[in-house]
Amino acid sequence: MEQVEITDVAAEGKAVARVDDLVVFVPFVVPGDVVDLQVRRKKHHYAEAEAVKFHRYAAERAVPFCRHYGVCGGCKWQVLPYEAQLRYKQKQVVDNLTRIGKIALPEISPILGSARTEHYRNKLEFTFSDKRWLTKEEIRQAVVYDQMNALGFHIPEAFDKVLHIERCWLQDDVSNRIRNAVFEYACAHNYPFINLRTHEGMLRNLIVRTATTGELMVILVAKIETGEQLERFKRLLGYVAGAFPEISSLLYFINNKVNDTIADLDAHLFKGEDHIFEQMEGLRFKVGAKSFYQTNSEQAYLLYQTVRRFASLTGGELVYDLYTGTGTIANFLARQARQVVGIEYVPEAIEDAKTNSRINGIDNTLFFAGDMKDLLTEAFVNAYGRPDVIVTDPPRAGMHPDVVKVLLATASPRIVYVSCNPATQARDLQLLDAAYRVKAVQPVDMFPHTHHVENVVLLELREGEPLSQHSTADVPLSSAEALSPSTDTSLSSAETDHDCQCI
């Protein structure tokens, strides 16, 4: 395909062109670029292609600032000026709510941009590997490394290869200094990096968490099978502790499984405390090794302010906070409510939520651990009270249909729906349209240079109105169905999201 003009931005960080009747999804280009395309994958109504030659660059284009751009899989929108990123994220929200939701909408508020577009994350996770990914430029120059070790990010569609990262612009530079120091020490002292295919080796993951309080947490994960290996691993930990005295919490996990998850493993403290604290509006939130906390702390404050504004609390309301996590939203709202009831699947997160209430002297919260669709029942509502406001902040897949049915049956006057995936949010809003009307919509940009966007929707109960024609049988209930490839460029570019380090 020669001299094809890119015409729009699609989902998952790609752009789109139309060639005859074929929709073509292309990464690392922007609307206005004129390029030659090489097709990588073709289906009956769409194709995926790579730009192999540029004939003309778009007027609205930015120069990527990161040397790893286009390879690591993250920050795909660096090539777009930030003002354009915000415009396309706004469009993404509008398109999803109108084309998937197909419901009546008020005027959608302008997106709240991020004051910081670099160094905005408070957490990054890096992977060790003995199979370094060589870039096209390194291959062209026939670069030879003494070791093929890498410490960085997984390459999209190559699970056993890792791109070595020298500088990442997403987190405070202390993250780069720690990562580079750990890499150099490990290589100099011949620590075996994990082989992601055979699972042989020692060093697996490095996690760095920073906080607005100035506290710093570092976590190292290793495969340890003998006492001798543990002692050797602790020498690496000792080096990190000595080289970076500013570390508030230095922890490690022993992971001898074939996957990288640490949720089911015990954290071991090497130095300092087993947690750090985040702060927001006078509140302190305990963050442990496995705790979830919004990764853009400053934008999280704007997000929670939006939730509180939509909730319209006067001090006498009973609030349900669904998918409460470590209770940040619940505790943020508690001082303006009569009581907040939080529900979350992860028991450890619920314990953190209770701790956060205790730390902040909040005594009007109740937290429950369990599967949302099993715990949130009519019997639960009868036992703890019918809520005046429901706040729901589900994962990317959206809410289970059984949860939606309980929300409809509960008939709370207001629902505030926070989502990191406007497509599944739109699907759920269509279900809720049976009893609720959308009153306000506020997009929030949490992740500059990525296509990801948060969206907050206020729903109010339709009192005295005939119910909508929609029912829970009218729309697809799986996120896979809602996000299936489509010629509608707002829905999907037909590729699994590989931007995981940015969310």
# chains A, B, ... in the order shown; residues from 1 in each chain; ligands from 1
$ residues_around --residues "A:Val441" --least-positions-apart "4" --cutoff "8 Å" --atoms "only C-alpha atoms" --output "PyMOL selection string"
chain A and resi 106-109+455-458
$ select_by_dssp --residues "stretch 292-438 of chain A" --states "helix (DSSP H, G or I)" --output "mmCIF file with C-alpha atoms, in the first residue's frame"
data_model
loop_
_atom_site.group_PDB
_atom_site.id
_atom_site.type_symbol
_atom_site.label_atom_id
_atom_site.label_comp_id
_atom_site.auth_asym_id
_atom_site.auth_seq_id
_atom_site.Cartn_x
_atom_site.Cartn_y
_atom_site.Cartn_z
ATOM 1 C CA SER A 297 -1.193 10.441 42.465
ATOM 2 C CA GLU A 298 -1.842 14.035 41.417
ATOM 3 C CA GLN A 299 -4.502 13.135 38.866
ATOM 4 C CA ALA A 300 -6.062 10.678 41.324
ATOM 5 C CA TYR A 301 -6.869 13.693 43.477
ATOM 6 C CA LEU A 302 -8.742 15.330 40.580
ATOM 7 C CA LEU A 303 -10.511 12.038 39.914
ATOM 8 C CA TYR A 304 -11.652 11.667 43.523
ATOM 9 C CA GLN A 305 -12.736 15.294 43.675
ATOM 10 C CA THR A 306 -14.928 14.610 40.642
ATOM 11 C CA VAL A 307 -16.417 11.543 42.338
ATOM 12 C CA ARG A 308 -17.197 13.578 45.456
ATOM 13 C CA ARG A 309 -18.728 16.387 43.426
ATOM 14 C CA PHE A 310 -20.965 13.973 41.522
ATOM 15 C CA ALA A 311 -21.953 12.206 44.767
ATOM 16 C CA THR A 328 -9.023 5.354 49.030
ATOM 17 C CA ILE A 329 -12.324 6.586 47.585
ATOM 18 C CA ALA A 330 -14.273 5.274 50.597
ATOM 19 C CA ASN A 331 -12.079 7.129 53.077
ATOM 20 C CA PHE A 332 -11.948 10.212 50.843
ATOM 21 C CA LEU A 333 -15.756 10.407 50.964
ATOM 22 C CA ALA A 334 -16.300 9.310 54.562
ATOM 23 C CA PRO A 347 -8.812 -9.650 51.430
ATOM 24 C CA GLU A 348 -5.403 -7.970 51.849
ATOM 25 C CA ALA A 349 -6.747 -4.822 50.224
ATOM 26 C CA ILE A 350 -9.676 -4.782 52.637
ATOM 27 C CA GLU A 351 -7.269 -5.003 55.572
ATOM 28 C CA ASP A 352 -5.394 -2.016 54.123
ATOM 29 C CA ALA A 353 -8.707 -0.167 53.773
ATOM 30 C CA LYS A 354 -9.497 -0.764 57.449
ATOM 31 C CA THR A 355 -5.991 0.371 58.396
ATOM 32 C CA ASN A 356 -6.391 3.538 56.326
ATOM 33 C CA SER A 357 -9.615 4.359 58.170
ATOM 34 C CA ARG A 358 -7.925 3.771 61.523
ATOM 35 C CA ILE A 359 -4.861 5.862 60.616
ATOM 36 C CA MET A 372 -18.819 -8.667 44.167
ATOM 37 C CA LYS A 373 -21.483 -10.723 42.389
ATOM 38 C CA ASP A 374 -21.733 -13.091 45.377
ATOM 39 C CA LEU A 375 -21.495 -10.540 48.188
ATOM 40 C CA GLU A 378 -30.499 -8.124 48.077
ATOM 41 C CA ALA A 379 -29.868 -9.782 51.459
ATOM 42 C CA PHE A 380 -26.681 -7.693 51.897
ATOM 43 C CA VAL A 381 -28.590 -4.512 51.065
ATOM 44 C CA ASN A 382 -31.343 -5.437 53.515
ATOM 45 C CA ALA A 383 -28.743 -6.067 56.243
ATOM 46 C CA TYR A 384 -26.630 -2.930 55.834
ATOM 47 C CA PRO A 401 -24.283 -8.629 34.871
ATOM 48 C CA ASP A 402 -25.378 -9.954 38.271
ATOM 49 C CA VAL A 403 -23.906 -6.822 39.880
ATOM 50 C CA VAL A 404 -25.776 -4.625 37.408
ATOM 51 C CA LYS A 405 -29.021 -6.426 38.261
ATOM 52 C CA VAL A 406 -28.491 -5.761 41.977
ATOM 53 C CA LEU A 407 -27.822 -2.075 41.251
ATOM 54 C CA LEU A 408 -31.062 -1.880 39.317
ATOM 55 C CA ALA A 409 -32.952 -3.624 42.113
ATOM 56 C CA THR A 410 -31.342 -1.442 44.788
ATOM 57 C CA PRO A 422 -15.108 3.688 28.352
ATOM 58 C CA ALA A 423 -16.136 0.799 26.069
ATOM 59 C CA THR A 424 -17.181 -1.565 28.856
ATOM 60 C CA GLN A 425 -18.524 1.394 30.807
ATOM 61 C CA ALA A 426 -20.768 2.235 27.848
ATOM 62 C CA ARG A 427 -22.032 -1.352 27.756
ATOM 63 C CA ASP A 428 -22.895 -1.189 31.469
ATOM 64 C CA LEU A 429 -24.540 2.209 31.088
ATOM 65 C CA GLN A 430 -26.864 0.747 28.462
ATOM 66 C CA LEU A 431 -27.901 -1.901 30.985
ATOM 67 C CA LEU A 432 -28.404 0.683 33.723
#
$ closest_atom_pairs --of "stretch 191-307 of chain A" --to "stretch 323-326 of chain A" --cutoff "12 Å" --atoms "only C-alpha atoms" --output "CSV"
residue,atom,partner,partner_atom,distance
A:Glu278,CA,A:Thr326,CA,11.9
A:Arg284,CA,A:Thr326,CA,11.8
A:Phe285,CA,A:Thr326,CA,8.4
A:Lys286,CA,A:Thr326,CA,8.5
A:Val287,CA,A:Thr326,CA,8.4
A:Gly288,CA,A:Thr326,CA,10.0
A:Lys290,CA,A:Thr326,CA,10.4
A:Ser291,CA,A:Thr326,CA,6.9
A:Phe292,CA,A:Gly325,CA,6.6
A:Tyr293,CA,A:Thr326,CA,7.5
A:Gln294,CA,A:Gly325,CA,10.1
$ write_last_selection --atoms "C-alpha atoms" --output "CSV table (one decimal), in the first residue's frame"
chain,number,residue,atom,x,y,z
A,278,GLU,CA,0.5,8.4,50.2
A,284,ARG,CA,-2.8,9.3,54.7
A,285,PHE,CA,-3.0,6.1,52.9
A,286,LYS,CA,-0.9,3.1,53.7
A,287,VAL,CA,0.6,1.4,50.6
A,288,GLY,CA,2.1,-2.1,51.0
A,290,LYS,CA,0.9,-5.7,47.1
A,291,SER,CA,-1.4,-2.7,47.6
A,292,PHE,CA,-3.2,-1.0,44.7
A,293,TYR,CA,-3.0,2.8,44.5
A,294,GLN,CA,-3.8,5.0,41.5
$ closest_residue --among "A:Cys187, A:Leu461, A:Ile276, A:Ile207" --to "A:Lys439" --atoms "only C-alpha atoms"
A:Leu461
